[in-house]
$ cat data_35.csv   # CSV, C-alpha atoms
chain,number,residue,atom,x,y,z
A,1,MET,CA,10.4,-16.2,-20.5
A,2,PHE,CA,10.5,-15.1,-24.1
A,3,ARG,CA,9.5,-16.9,-27.3
A,4,PHE,CA,11.4,-15.9,-30.5
A,5,LEU,CA,9.5,-15.5,-33.7
A,6,PHE,CA,11.1,-15.0,-37.1
A,7,LEU,CA,9.0,-12.6,-39.3
A,8,GLY,CA,10.7,-11.9,-42.6
A,9,CYS,CA,13.3,-9.2,-42.0
A,10,CYS,CA,13.3,-9.2,-38.2
A,11,LEU,CA,13.4,-11.3,-35.1
A,12,ILE,CA,10.7,-10.5,-32.5
A,13,ALA,CA,10.9,-11.6,-28.9
A,14,VAL,CA,7.5,-11.9,-27.3
A,15,SER,CA,7.0,-12.3,-23.6
A,16,THR,CA,5.1,-15.5,-22.7
A,17,ASP,CA,5.1,-15.1,-19.0
A,18,ARG,CA,1.9,-16.3,-17.2
A,19,VAL,CA,-0.6,-13.5,-16.9
A,20,SER,CA,-3.0,-13.6,-14.0
A,21,GLY,CA,-4.8,-11.4,-11.5
A,22,ALA,CA,-7.6,-8.9,-11.8
A,23,ALA,CA,-6.8,-7.7,-15.4
A,24,ALA,CA,-4.4,-9.1,-17.9
A,25,GLY,CA,-1.4,-8.7,-15.6
A,26,LYS,CA,-2.6,-5.7,-13.6
A,27,ARG,CA,-2.7,-6.7,-10.0
A,28,LEU,CA,-5.5,-5.8,-7.6
A,29,MET,CA,-3.9,-6.4,-4.3
A,30,CYS,CA,-6.1,-6.1,-1.2
A,31,TYR,CA,-4.7,-5.4,2.3
A,32,PHE,CA,-6.6,-7.1,5.1
A,33,SER,CA,-5.8,-5.7,8.6
A,34,TYR,CA,-5.0,-8.4,11.2
A,35,ASP,CA,-7.3,-6.7,13.7
A,36,ALA,CA,-10.3,-6.2,11.4
A,37,PRO,CA,-12.2,-9.2,13.0
A,38,GLU,CA,-11.9,-7.4,16.4
A,39,ILE,CA,-13.6,-4.2,15.4
A,40,SER,CA,-16.9,-3.8,17.2
A,41,GLY,CA,-20.4,-3.7,15.6
A,42,TYR,CA,-20.9,-3.3,11.9
A,43,GLY,CA,-17.2,-2.5,11.5
A,44,ARG,CA,-16.2,-6.2,12.1
A,45,TYR,CA,-14.7,-7.8,9.1
A,46,THR,CA,-13.5,-11.4,8.6
A,47,ALA,CA,-12.1,-13.6,5.9
A,48,ASN,CA,-15.6,-14.4,4.9
A,49,GLU,CA,-16.1,-10.8,3.7
A,50,VAL,CA,-13.0,-10.6,1.5
A,51,PRO,CA,-14.1,-10.3,-2.1
A,52,VAL,CA,-11.8,-13.0,-3.4
A,53,GLU,CA,-13.5,-12.9,-6.8
A,54,LEU,CA,-12.1,-9.3,-7.2
A,55,CYS,CA,-8.7,-9.4,-5.6
A,56,SER,CA,-5.7,-10.9,-7.3
A,57,ASP,CA,-3.8,-11.0,-4.0
A,58,VAL,CA,-4.9,-10.9,-0.4
A,59,VAL,CA,-2.1,-9.3,1.7
A,60,TYR,CA,-2.4,-10.0,5.4
A,61,ASP,CA,-1.4,-6.9,7.2
A,62,GLY,CA,0.2,-8.2,9.1
A,63,LEU,CA,2.3,-10.5,11.2
A,64,ASP,CA,4.4,-8.6,13.8
A,65,PHE,CA,8.1,-8.6,13.6
A,66,PRO,CA,9.6,-11.8,15.0
A,67,LYS,CA,11.4,-11.8,18.3
A,68,TRP,CA,15.1,-12.5,18.6
A,69,GLU,CA,15.6,-15.5,21.0
A,70,ARG,CA,18.9,-17.3,21.4
A,71,GLY,CA,20.2,-17.0,17.9
A,72,TYR,CA,16.8,-17.4,16.2
A,73,TYR,CA,13.9,-15.2,15.1
A,74,VAL,CA,10.6,-16.6,16.4
A,75,PHE,CA,7.1,-15.5,15.3
A,76,ASP,CA,4.4,-15.1,17.9
A,77,ASN,CA,2.3,-18.2,18.1
A,78,ARG,CA,-1.0,-16.3,18.6
A,79,ASP,CA,-0.2,-14.3,15.4
A,80,LEU,CA,0.4,-17.5,13.5
A,81,GLN,CA,-2.7,-19.2,14.8
A,82,LYS,CA,-4.8,-16.2,13.8
A,83,TYR,CA,-3.2,-16.1,10.4
A,84,GLY,CA,-3.7,-19.9,9.9
A,85,THR,CA,-7.4,-19.6,10.6
A,86,PHE,CA,-7.7,-16.7,8.1
A,87,LEU,CA,-5.8,-18.6,5.4
A,88,ALA,CA,-7.9,-21.7,5.8
A,89,THR,CA,-11.1,-19.6,5.1
A,90,ILE,CA,-9.6,-17.8,2.2
A,91,ARG,CA,-8.4,-21.0,0.6
A,92,ALA,CA,-11.7,-22.7,1.1
A,93,ARG,CA,-13.3,-19.8,-0.8
A,94,SER,CA,-10.8,-19.4,-3.6
A,95,GLY,CA,-8.0,-21.5,-5.1
A,96,LEU,CA,-6.9,-18.7,-7.4
A,97,VAL,CA,-6.1,-15.7,-5.1
A,98,ARG,CA,-2.5,-15.3,-4.1
A,99,ASN,CA,-1.8,-15.2,-0.3
A,100,ILE,CA,0.9,-12.8,0.9
A,101,PHE,CA,1.8,-11.6,4.3
A,102,THR,CA,3.3,-8.3,5.2
A,103,LEU,CA,5.9,-8.1,7.9
A,104,GLN,CA,6.1,-4.9,9.8
A,105,ASP,CA,7.3,-3.6,13.2
A,106,ARG,CA,4.5,-1.9,15.0
A,107,GLU,CA,6.6,-0.5,17.8
A,108,LYS,CA,6.9,3.3,17.8
A,109,ASN,CA,10.5,4.5,17.1
A,110,SER,CA,11.5,0.9,16.5
A,111,VAL,CA,14.9,-0.2,15.1
A,112,SER,CA,14.1,-3.9,14.7
A,113,TYR,CA,14.6,-3.9,11.0
A,114,SER,CA,17.8,-1.8,11.2
A,115,VAL,CA,19.4,-4.0,13.9
A,116,MET,CA,18.4,-7.2,12.1
A,117,ALA,CA,19.6,-6.2,8.6
A,118,GLU,CA,22.9,-4.7,9.6
A,119,ILE,CA,24.1,-7.7,11.6
A,120,PRO,CA,24.8,-10.7,9.2
A,121,GLU,CA,24.0,-13.3,11.9
A,122,ARG,CA,20.6,-11.8,12.6
A,123,ARG,CA,19.9,-11.2,8.9
A,124,GLY,CA,20.5,-14.8,8.1
A,125,ALA,CA,18.3,-16.0,10.9
A,126,PHE,CA,15.6,-13.6,9.8
A,127,VAL,CA,15.7,-14.9,6.2
A,128,ARG,CA,15.5,-18.5,7.4
A,129,ALA,CA,12.5,-17.7,9.6
A,130,VAL,CA,10.7,-16.0,6.7
A,131,LEU,CA,11.5,-18.8,4.2
A,132,GLN,CA,10.3,-21.4,6.7
A,133,LEU,CA,7.0,-19.5,7.2
A,134,LEU,CA,6.4,-19.3,3.5
A,135,GLU,CA,7.0,-23.0,3.1
A,136,VAL,CA,5.0,-24.2,6.1
A,137,TYR,CA,1.9,-22.1,5.1
A,138,ALA,CA,2.4,-22.6,1.4
A,139,LEU,CA,2.3,-18.8,0.9
A,140,ASP,CA,2.8,-17.0,-2.4
A,141,GLY,CA,5.1,-14.2,-1.2
A,142,VAL,CA,6.2,-11.8,1.5
A,143,GLU,CA,6.0,-8.0,1.7
A,144,ILE,CA,8.9,-6.3,3.6
A,145,ALA,CA,7.2,-3.3,5.3
A,146,TRP,CA,10.3,-1.6,6.6
A,147,GLU,CA,8.7,1.7,7.2
A,148,TRP,CA,10.9,4.8,7.5
A,149,PRO,CA,14.4,3.4,7.2
A,150,GLY,CA,17.4,5.7,7.5
A,151,THR,CA,17.4,9.1,9.2
A,152,ALA,CA,15.2,11.1,6.7
A,153,VAL,CA,12.4,10.9,9.3
A,154,THR,CA,12.8,10.3,13.0
A,155,PHE,CA,11.3,6.8,13.5
A,156,GLY,CA,14.4,5.1,14.7
A,157,GLY,CA,16.3,4.3,11.5
A,158,THR,CA,20.1,4.5,11.2
A,159,SER,CA,22.5,5.9,8.6
A,160,ASN,CA,23.4,2.3,7.5
A,161,ASP,CA,19.8,1.4,6.5
A,162,ARG,CA,20.2,2.4,2.9
A,163,GLU,CA,22.8,-0.3,2.4
A,164,SER,CA,21.2,-2.8,4.8
A,165,ILE,CA,18.0,-2.8,2.8
A,166,VAL,CA,19.8,-4.0,-0.2
A,167,SER,CA,21.7,-6.7,1.8
A,168,LEU,CA,18.4,-8.0,3.3
A,169,LEU,CA,16.6,-8.1,-0.1
A,170,THR,CA,19.6,-9.8,-1.7
A,171,ASP,CA,19.6,-12.6,0.9
A,172,LEU,CA,15.8,-13.0,0.7
A,173,LYS,CA,15.8,-13.1,-3.1
A,174,ALA,CA,18.5,-15.7,-3.1
A,175,GLY,CA,16.4,-17.9,-0.7
A,176,LEU,CA,13.2,-17.4,-2.8
A,177,ARG,CA,14.7,-17.9,-6.2
A,178,LYS,CA,14.0,-21.6,-6.5
A,179,SER,CA,10.6,-21.5,-4.9
A,180,GLY,CA,8.9,-19.1,-7.3
A,181,LYS,CA,7.5,-17.1,-4.3
A,182,GLU,CA,7.4,-13.3,-4.6
A,183,LEU,CA,9.4,-10.6,-2.8
A,184,ILE,CA,7.5,-7.4,-2.4
A,185,PHE,CA,8.9,-4.1,-0.9
A,186,PHE,CA,6.6,-1.5,0.7
A,187,GLY,CA,8.0,1.9,-0.4
A,188,ALA,CA,7.3,5.5,0.5
A,189,VAL,CA,6.8,8.3,-2.0
A,190,TYR,CA,8.2,11.0,0.3
A,191,PRO,CA,11.1,12.7,-1.7
A,192,LYS,CA,13.5,12.8,1.3
A,193,VAL,CA,13.0,9.1,2.1
A,194,LEU,CA,13.4,8.2,-1.6
A,195,HIS,CA,16.6,10.2,-1.9
A,196,ASP,CA,18.2,9.5,1.5
A,197,SER,CA,16.9,6.0,2.5
A,198,TYR,CA,16.6,3.9,-0.7
A,199,ARG,CA,18.9,2.7,-3.4
A,200,VAL,CA,15.9,2.5,-5.7
A,201,ALA,CA,17.5,0.8,-8.7
A,202,SER,CA,18.9,-2.0,-6.5
A,203,ILE,CA,15.6,-2.4,-4.6
A,204,CYS,CA,13.6,-2.7,-7.9
A,205,GLN,CA,16.1,-5.2,-9.3
A,206,LEU,CA,15.6,-7.5,-6.3
A,207,ALA,CA,11.9,-7.0,-5.6
A,208,ASP,CA,9.2,-8.5,-7.8
A,209,PHE,CA,6.9,-5.5,-6.9
A,210,VAL,CA,7.0,-2.3,-4.9
A,211,THR,CA,3.7,-1.4,-3.2
A,212,LEU,CA,3.6,2.4,-2.8
A,213,PHE,CA,2.5,4.2,0.3
A,214,SER,CA,0.8,6.9,-1.8
A,215,TYR,CA,-2.2,7.6,0.5
A,216,ASP,CA,-2.5,9.4,3.9
A,217,LEU,CA,0.3,11.7,2.8
A,218,ARG,CA,-1.0,14.7,4.8
A,219,PRO,CA,-1.0,14.0,8.6
A,220,TYR,CA,-2.9,16.4,10.8
A,221,THR,CA,0.4,17.6,12.3
A,222,VAL,CA,1.1,19.7,9.2
A,223,ARG,CA,-1.7,22.0,10.5
A,224,LEU,CA,-3.3,22.4,7.1
A,225,ALA,CA,-6.6,21.2,5.6
A,226,ASP,CA,-5.5,19.1,2.6
A,227,VAL,CA,-6.5,16.1,0.6
A,228,HIS,CA,-4.7,13.0,1.9
A,229,SER,CA,-3.5,11.7,-1.5
A,230,PRO,CA,-3.0,14.6,-3.9
A,231,MET,CA,-2.1,13.9,-7.5
A,232,ARG,CA,0.1,17.0,-7.8
A,233,ASN,CA,1.5,19.9,-5.9
A,234,ARG,CA,-0.5,23.1,-5.0
A,235,THR,CA,0.8,26.6,-4.8
A,236,PHE,CA,0.1,27.0,-1.0
A,237,GLU,CA,2.6,24.2,-0.2
A,238,ARG,CA,5.8,26.0,0.5
A,239,GLU,CA,7.7,23.5,2.6
A,240,PRO,CA,10.0,21.8,0.0
A,241,ASN,CA,9.7,18.2,1.1
A,242,ARG,CA,5.9,18.3,1.4
A,243,ALA,CA,5.5,20.2,-1.8
A,244,LYS,CA,6.9,17.3,-3.7
A,245,THR,CA,5.0,14.7,-1.7
A,246,ASN,CA,2.2,13.7,-4.1
A,247,VAL,CA,1.3,10.8,-6.3
A,248,VAL,CA,2.6,11.9,-9.6
A,249,THR,CA,6.0,13.2,-8.3
A,250,GLY,CA,6.4,10.1,-6.1
A,251,VAL,CA,5.8,7.6,-8.9
A,252,GLU,CA,7.9,9.5,-11.4
A,253,THR,CA,10.8,9.7,-9.0
A,254,TRP,CA,10.7,5.9,-8.5
A,255,ILE,CA,10.9,5.5,-12.3
A,256,LYS,CA,13.5,8.3,-12.7
A,257,TYR,CA,15.7,6.5,-10.1
A,258,GLY,CA,15.6,3.3,-12.0
A,259,CYS,CA,12.5,1.3,-11.1
A,260,PRO,CA,10.6,-0.4,-14.0
A,261,PRO,CA,7.0,1.0,-14.0
A,262,LYS,CA,5.6,-2.5,-14.2
A,263,LYS,CA,7.0,-3.3,-10.8
A,264,LEU,CA,5.2,-0.4,-9.1
A,265,ILE,CA,1.8,-1.0,-7.5
A,266,LEU,CA,0.0,2.2,-6.7
A,267,GLY,CA,-1.6,2.4,-3.2
A,268,ILE,CA,-5.1,3.8,-2.8
A,269,GLY,CA,-6.6,4.4,0.6
A,270,LEU,CA,-10.3,3.7,1.0
A,271,PHE,CA,-11.0,6.2,3.8
A,272,GLY,CA,-11.8,9.8,4.7
A,273,HIS,CA,-9.4,11.8,6.7
A,274,ALA,CA,-10.7,14.8,8.7
A,275,VAL,CA,-9.1,17.7,10.5
A,276,THR,CA,-10.5,20.5,12.7
A,277,LEU,CA,-10.4,23.9,11.1
A,278,ALA,CA,-8.9,26.8,13.0
A,279,ASP,CA,-11.6,29.1,11.6
A,280,PRO,CA,-14.7,27.5,10.0
A,281,ARG,CA,-15.0,30.5,7.7
A,282,GLN,CA,-11.7,29.5,6.1
A,283,TYR,CA,-12.3,26.1,4.5
A,284,ASN,CA,-10.5,26.1,1.1
A,285,VAL,CA,-7.7,23.6,0.6
A,286,GLY,CA,-4.7,24.9,2.5
A,287,ALA,CA,-6.8,26.5,5.3
A,288,PRO,CA,-5.2,26.4,8.8
A,289,SER,CA,-6.2,23.5,11.0
A,290,THR,CA,-5.6,22.8,14.7
A,291,GLY,CA,-5.5,19.0,14.9
A,292,PRO,CA,-7.3,15.8,13.9
A,293,GLY,CA,-11.0,15.7,13.3
A,294,ALA,CA,-13.6,14.1,15.5
A,295,LYS,CA,-13.3,10.4,16.2
A,296,GLY,CA,-15.7,8.2,14.2
A,297,ARG,CA,-17.9,5.4,15.5
A,298,TYR,CA,-15.4,2.6,14.9
A,299,ASP,CA,-12.0,1.9,16.6
A,300,TYR,CA,-9.8,4.0,14.3
A,301,GLY,CA,-7.7,7.0,15.1
A,302,ALA,CA,-9.3,10.4,15.5
A,303,GLY,CA,-10.3,11.9,12.1
A,304,TYR,CA,-10.2,8.6,10.2
A,305,TYR,CA,-13.4,7.2,8.6
A,306,PRO,CA,-13.6,4.0,6.7
A,307,PHE,CA,-15.5,4.4,3.4
A,308,HIS,CA,-18.5,2.5,4.8
A,309,GLU,CA,-18.8,5.1,7.5
A,310,GLN,CA,-17.7,8.1,5.4
A,311,CYS,CA,-20.4,7.5,2.7
A,312,LEU,CA,-23.2,7.7,5.4
A,313,LEU,CA,-21.6,10.6,7.2
A,314,LEU,CA,-21.5,12.8,4.1
A,315,ARG,CA,-25.3,12.6,3.9
A,316,SER,CA,-25.7,14.5,7.1
A,317,GLY,CA,-25.2,18.1,6.2
A,318,TRP,CA,-21.7,18.3,4.8
A,319,ARG,CA,-21.0,20.7,1.9
A,320,MET,CA,-18.9,19.0,-0.8
A,321,PHE,CA,-16.1,20.5,-2.8
A,322,TYR,CA,-13.3,19.4,-5.2
A,323,ASP,CA,-9.6,20.1,-5.4
A,324,PRO,CA,-8.9,20.3,-9.1
A,325,ILE,CA,-5.1,20.0,-8.8
A,326,GLY,CA,-5.0,17.4,-6.0
A,327,GLN,CA,-7.9,15.7,-7.9
A,328,MET,CA,-9.7,14.6,-4.8
A,329,PRO,CA,-13.0,15.7,-3.2
A,330,PHE,CA,-13.3,17.2,0.3
A,331,ALA,CA,-16.3,18.1,2.5
A,332,VAL,CA,-16.9,20.7,5.2
A,333,ARG,CA,-19.4,20.8,8.2
A,334,GLY,CA,-18.8,23.4,10.8
A,335,ASN,CA,-15.2,23.2,11.9
A,336,GLN,CA,-14.8,19.7,10.5
A,337,TRP,CA,-12.9,19.4,7.1
A,338,MET,CA,-12.6,15.9,5.5
A,339,SER,CA,-10.7,14.7,2.5
A,340,TYR,CA,-12.3,11.6,1.2
A,341,VAL,CA,-12.3,9.0,-1.6
A,342,ASP,CA,-14.9,8.2,-4.3
A,343,THR,CA,-15.0,6.4,-7.6
A,344,ASN,CA,-14.0,9.6,-9.5
A,345,SER,CA,-10.8,10.1,-7.5
A,346,ILE,CA,-10.0,6.4,-7.8
A,347,GLY,CA,-10.6,6.7,-11.5
A,348,VAL,CA,-8.0,9.5,-11.8
A,349,LYS,CA,-5.4,7.2,-10.2
A,350,ILE,CA,-6.3,4.3,-12.4
A,351,ASP,CA,-5.9,6.5,-15.5
A,352,PHE,CA,-2.4,7.3,-14.1
A,353,VAL,CA,-1.7,3.6,-13.7
A,354,ALA,CA,-2.6,3.0,-17.3
A,355,GLU,CA,-0.7,6.1,-18.5
A,356,LYS,CA,2.5,5.1,-16.7
A,357,ARG,CA,2.0,1.3,-17.4
A,358,LEU,CA,2.3,0.5,-13.7
A,359,GLY,CA,1.8,-3.0,-12.4
A,360,GLY,CA,-1.5,-2.4,-10.7
A,361,VAL,CA,-3.2,-1.1,-7.5
A,362,VAL,CA,-3.1,-2.1,-3.9
A,363,LEU,CA,-6.2,-1.1,-1.7
A,364,TRP,CA,-5.6,0.0,1.9
A,365,THR,CA,-7.6,-1.6,3.3
A,366,ILE,CA,-10.2,-3.9,1.9
A,367,GLU,CA,-12.4,-3.8,5.1
A,368,TYR,CA,-12.8,0.0,4.7
A,369,ASP,CA,-15.0,-0.5,1.6
A,370,ASP,CA,-18.8,-0.5,2.0
A,371,PHE,CA,-18.9,-4.3,2.4
A,372,TRP,CA,-22.4,-4.2,4.0
A,373,GLY,CA,-23.8,-2.1,1.1
A,374,PHE,CA,-24.9,0.7,3.5
A,375,CYS,CA,-24.8,3.2,0.6
A,376,GLY,CA,-25.8,1.0,-2.3
A,377,SER,CA,-24.1,-2.1,-3.7
A,378,ARG,CA,-21.5,-4.0,-1.7
A,379,ASN,CA,-17.8,-3.3,-2.1
A,380,PRO,CA,-18.4,-0.4,-4.6
A,381,LEU,CA,-14.8,0.9,-4.6
A,382,THR,CA,-13.2,-2.5,-4.9
A,383,THR,CA,-15.6,-3.5,-7.7
A,384,TYR,CA,-15.0,-0.2,-9.6
A,385,THR,CA,-11.3,-0.6,-9.3
A,386,TYR,CA,-11.5,-4.2,-10.5
A,387,GLN,CA,-13.6,-3.2,-13.5
A,388,ARG,CA,-11.4,-0.3,-14.5
A,389,LEU,CA,-8.2,-2.4,-14.3
A,390,GLN,CA,-9.9,-5.0,-16.6
A,391,GLN,CA,-10.3,-2.3,-19.2
A,392,ILE,CA,-6.6,-1.6,-19.4
A,393,PRO,CA,-5.0,-3.3,-22.4
A,394,SER,CA,-2.4,-6.0,-21.6
A,395,ASP,CA,1.2,-4.9,-21.6
A,396,ILE,CA,2.9,-7.5,-23.8
A,397,GLY,CA,6.7,-7.0,-23.7
A,398,PHE,CA,8.4,-7.2,-27.0
A,399,ALA,CA,11.7,-6.2,-28.6
A,400,ILE,CA,12.8,-6.1,-32.2
A,401,GLU,CA,16.2,-7.1,-33.5
A,402,TRP,CA,17.0,-6.2,-37.1
A,403,SER,CA,18.8,-9.0,-38.9

$ encode --input "data_35.csv" --output "C-alpha cells"
Amino acid sequence: MFRFLFLGCCLIAVSTDRVSGAAAGKRLMCYFSYDAPEISGYGRYTANEVPVELCSDVVYDGLDFPKWERGYYVFDNRDLQKYGTFLATIRARSGLVRNIFTLQDREKNSVSYSVMAEIPERRGAFVRAVLQLLEVYALDGVEIAWEWPGTAVTFGGTSNDRESIVSLLTDLKAGLRKSGKELIFFGAVYPKVLHDSYRVASICQLADFVTLFSYDLRPYTVRLADVHSPMRNRTFEREPNRAKTNVVTGVETWIKYGCPPKKLILGIGLFGHAVTLADPRQYNVGAPSTGPGAKGRYDYGAGYYPFHEQCLLLRSGWRMFYDPIGQMPFAVRGNQWMSYVDTNSIGVKIDFVAEKRLGGVVLWTIEYDDFWGFCGSRNPLTTYTYQRLQQIPSDIGFAIEWS
C-alpha cells in the first residue's frame, strides 16, 4: 500500500508495505530437498539442521506432482506425511520463517504440467488441490516448478505451453488473492526458453516472485570444461544459445521482457560440478571434456559435490584457478576439472543483486552448505549470504507528482 505525504510543492507516495526477511525486503530463500534426510552418513540433513535464523523462507523441494484420479488431483499421502513432519519441526524452531513448497514433476520427459494446464477441467482441479493444501497446512505460498515448458528443449513440453502457463497462473492467482499467500514461479535463464516458452510480462504480473534457475548452467553433455554459473559470456562459446546462457544476460533478459527486478530472486548453487578432461594437459576454461567427473561420497549424480564435501576435497592436491569473465573459481587434479563455489563468487552475485535491485537470493540447496563445520564455521555460505544481503540498503518505492 502507499501513504501519501504533502511536502510543499509536491505530493510524495511512499510505500508502506511490510518489510520482512533476511534484509530489509531482500529475501534469502533456502531450498530443502525432500530426500535430504535419506542421505547416508554425514550427508544426512533434517529439519533440525535448517538455519531458520538466516533464511527468510524455507522452500520444501518438493512435493511430487499430484495424480489425476476420477476428476480430482490427489497428492501422495507419504509425501504429505513426510512434509507434515518437516513442517512441525520448522515451526517449533521458528515462528517467523515463511514455509513454501515447490511443486515439480520428477518424471523424465514428463508432460504432466502441459496436460493439466491446457485442459480447463484439469486445471481447475489442480488449482483446487493446491489451494486446499495451502489452507490445511497453513503454508505461506507455492512455487510452480514447471521445468522446460514448450518445445525449446526436448523434455516433453508442447507448443501450447506458452499460453497454458499464463492460464494456470491466472487461475492460481485468483484463488490466492484473498488469502495473502504467495505465488512463485521457477524460471529458466536459457535464452531460447525465455523467448519461446514464456510470456515474461504476463508471468511477472501474476507471480509475486520468480526464482531463477541460474546455476548448473553447463551440463557435462556440452563436452567442455566450464564454470557452472558464469556471470558473462566467454569468447570460446560459439554455440549461440549457450553463449547467451549466463547470469547477467539471463537476468537482464527477464527485465528487458517486462519483469520488475524486485520480483526476481537470483539462484545460487552451493556445490561443485566436475567433468573429466579429454587431455589433462589442457585444463583452461573451455578445454574439451569427455563426460562427468568422478562420483563423490554422497548419493548425488556423478561429478556433483555438495560444498561440505567440496571444501574438504579441494585440500587434497587440487590446483586452483579463477575464470575472470565467468567470475567463478575452478580446480584441477589429474583429469578431473571442477567448477566450484566460494564466498568470493557468491559475493559477485550479491553485488549484482544490489546493482539490479533484485528481490533477493535463493540457495540451492541449503543442505549442501558445510552444516557440520568440517572446514571451519557452520553454514559459512548461508551466513555470508545473509550478512551481505543485510548490507544492501532498503528499496523504498516512491513516486513524485508535481502539483

$ closest_residue --input "data_35.csv" --among "A:Met328, A:Ala201, A:Val251, A:Leu381" --to "A:Leu266" --atoms "all atoms listed in the file"
A:Val251

$ closest_residue --input "data_35.csv" --among "A:Arg162, A:Asn233, A:Lys356, A:Arg319" --to "A:Ile255" --atoms "all atoms listed in the file"
A:Lys356

$ closest_residue --input "data_35.csv" --among "A:Ile165, A:Val222, A:Val227, A:Ala243" --to "A:Ile203" --atoms "all atoms listed in the file"
A:Ile165

$ residues_around --input "data_35.csv" --residues "A:Phe213" --least-positions-apart "2" --cutoff "8 Å" --atoms "all atoms listed in the file" --output "VMD selection string"
chain A and resid 186 to 189 211 215 266 to 267

$ closest_atom_pairs --input "data_35.csv" --of "stretch 262-314 of chain A" --to "stretch 335-355 of chain A" --cutoff "7 Å" --atoms "all atoms listed in the file" --output "Markdown table"
| residue | atom | partner | partner_atom | distance |
| --- | --- | --- | --- | --- |
| A:Leu270 | CA | A:Val341 | CA | 6.2 |
| A:Phe271 | CA | A:Tyr340 | CA | 6.1 |
| A:Gly272 | CA | A:Tyr340 | CA | 4.0 |
| A:His273 | CA | A:Ser339 | CA | 5.3 |
| A:Ala274 | CA | A:Met338 | CA | 3.9 |
| A:Val275 | CA | A:Trp337 | CA | 5.4 |
| A:Thr276 | CA | A:Gln336 | CA | 4.9 |
| A:Leu277 | CA | A:Asn335 | CA | 4.9 |
| A:Asp279 | CA | A:Asn335 | CA | 6.9 |
| A:Pro280 | CA | A:Asn335 | CA | 4.7 |
| A:Gly293 | CA | A:Gln336 | CA | 6.2 |

$ write_last_selection --input "data_35.csv" --atoms "C-alpha atoms" --output "short mmCIF file (atom, residue, chain, number, x, y, z; two decimals), keeping the file's coordinate frame"
data_model
loop_
_atom_site.label_atom_id
_atom_site.label_comp_id
_atom_site.auth_asym_id
_atom_site.auth_seq_id
_atom_site.Cartn_x
_atom_site.Cartn_y
_atom_site.Cartn_z
CA LEU A 270 -10.30 3.70 1.00
CA PHE A 271 -11.00 6.20 3.80
CA GLY A 272 -11.80 9.80 4.70
CA HIS A 273 -9.40 11.80 6.70
CA ALA A 274 -10.70 14.80 8.70
CA VAL A 275 -9.10 17.70 10.50
CA THR A 276 -10.50 20.50 12.70
CA LEU A 277 -10.40 23.90 11.10
CA ASP A 279 -11.60 29.10 11.60
CA PRO A 280 -14.70 27.50 10.00
CA GLY A 293 -11.00 15.70 13.30
#

$ closest_residue --input "data_35.csv" --among "A:Lys256, A:Arg44, A:Lys295, A:Arg91" --to "A:Ala138" --atoms "all atoms listed in the file"
A:Arg91

$ atom_distance --input "data_35.csv" --atom1 "atom CA of A:Gly286" --atom2 "atom CA of A:Val247"
17.7 Å

$ residues_around --input "data_35.csv" --residues "A:Tyr137" --least-positions-apart "3" --cutoff "12 Å" --atoms "all atoms listed in the file" --output "list in words"
Leu80, Gln81, Tyr83, Gly84, Thr85, Phe86, Leu87, Ala88, Arg91, Asn99, Ile100, Phe101, Val130, Leu131, Gln132, Leu133, Leu134, Asp140, Gly141 and Val142 of chain A

$ write_last_selection --input "data_35.csv" --atoms "C-alpha atoms" --output "PDB file, keeping the file's coordinate frame"
ATOM      1  CA  LEU A  80       0.400 -17.500  13.500  1.00  0.00           C
ATOM      2  CA  GLN A  81      -2.700 -19.200  14.800  1.00  0.00           C
ATOM      3  CA  TYR A  83      -3.200 -16.100  10.400  1.00  0.00           C
ATOM      4  CA  GLY A  84      -3.700 -19.900   9.900  1.00  0.00           C
ATOM      5  CA  THR A  85      -7.400 -19.600  10.600  1.00  0.00           C
ATOM      6  CA  PHE A  86      -7.700 -16.700   8.100  1.00  0.00           C
ATOM      7  CA  LEU A  87      -5.800 -18.600   5.400  1.00  0.00           C
ATOM      8  CA  ALA A  88      -7.900 -21.700   5.800  1.00  0.00           C
ATOM      9  CA  ARG A  91      -8.400 -21.000   0.600  1.00  0.00           C
ATOM     10  CA  ASN A  99      -1.800 -15.200  -0.300  1.00  0.00           C
ATOM     11  CA  ILE A 100       0.900 -12.800   0.900  1.00  0.00           C
ATOM     12  CA  PHE A 101       1.800 -11.600   4.300  1.00  0.00           C
ATOM     13  CA  VAL A 130      10.700 -16.000   6.700  1.00  0.00           C
ATOM     14  CA  LEU A 131      11.500 -18.800   4.200  1.00  0.00           C
ATOM     15  CA  GLN A 132      10.300 -21.400   6.700  1.00  0.00           C
ATOM     16  CA  LEU A 133       7.000 -19.500   7.200  1.00  0.00           C
ATOM     17  CA  LEU A 134       6.400 -19.300   3.500  1.00  0.00           C
ATOM     18  CA  ASP A 140       2.800 -17.000  -2.400  1.00  0.00           C
ATOM     19  CA  GLY A 141       5.100 -14.200  -1.200  1.00  0.00           C
ATOM     20  CA  VAL A 142       6.200 -11.800   1.500  1.00  0.00           C
TER      21      VAL A 142
END

$ residues_around --input "data_35.csv" --residues "A:Thr382" --least-positions-apart "5" --cutoff "9 Å" --atoms "all atoms listed in the file" --output "PyMOL selection string"
chain A and resi 28+30+51+54-55+363+366+369+387

$ atom_distance --input "data_35.csv" --atom1 "atom CA of A:Ala331" --atom2 "atom CA of A:Pro292"
14.7 Å

$ atom_distance --input "data_35.csv" --atom1 "atom CA of A:Arg388" --atom2 "atom CA of A:Gln327"
17.7 Å

$ closest_residue --input "data_35.csv" --among "A:Tyr220, A:Tyr190, A:Trp372, A:Tyr72" --to "A:Thr253" --atoms "all atoms listed in the file"
A:Tyr190
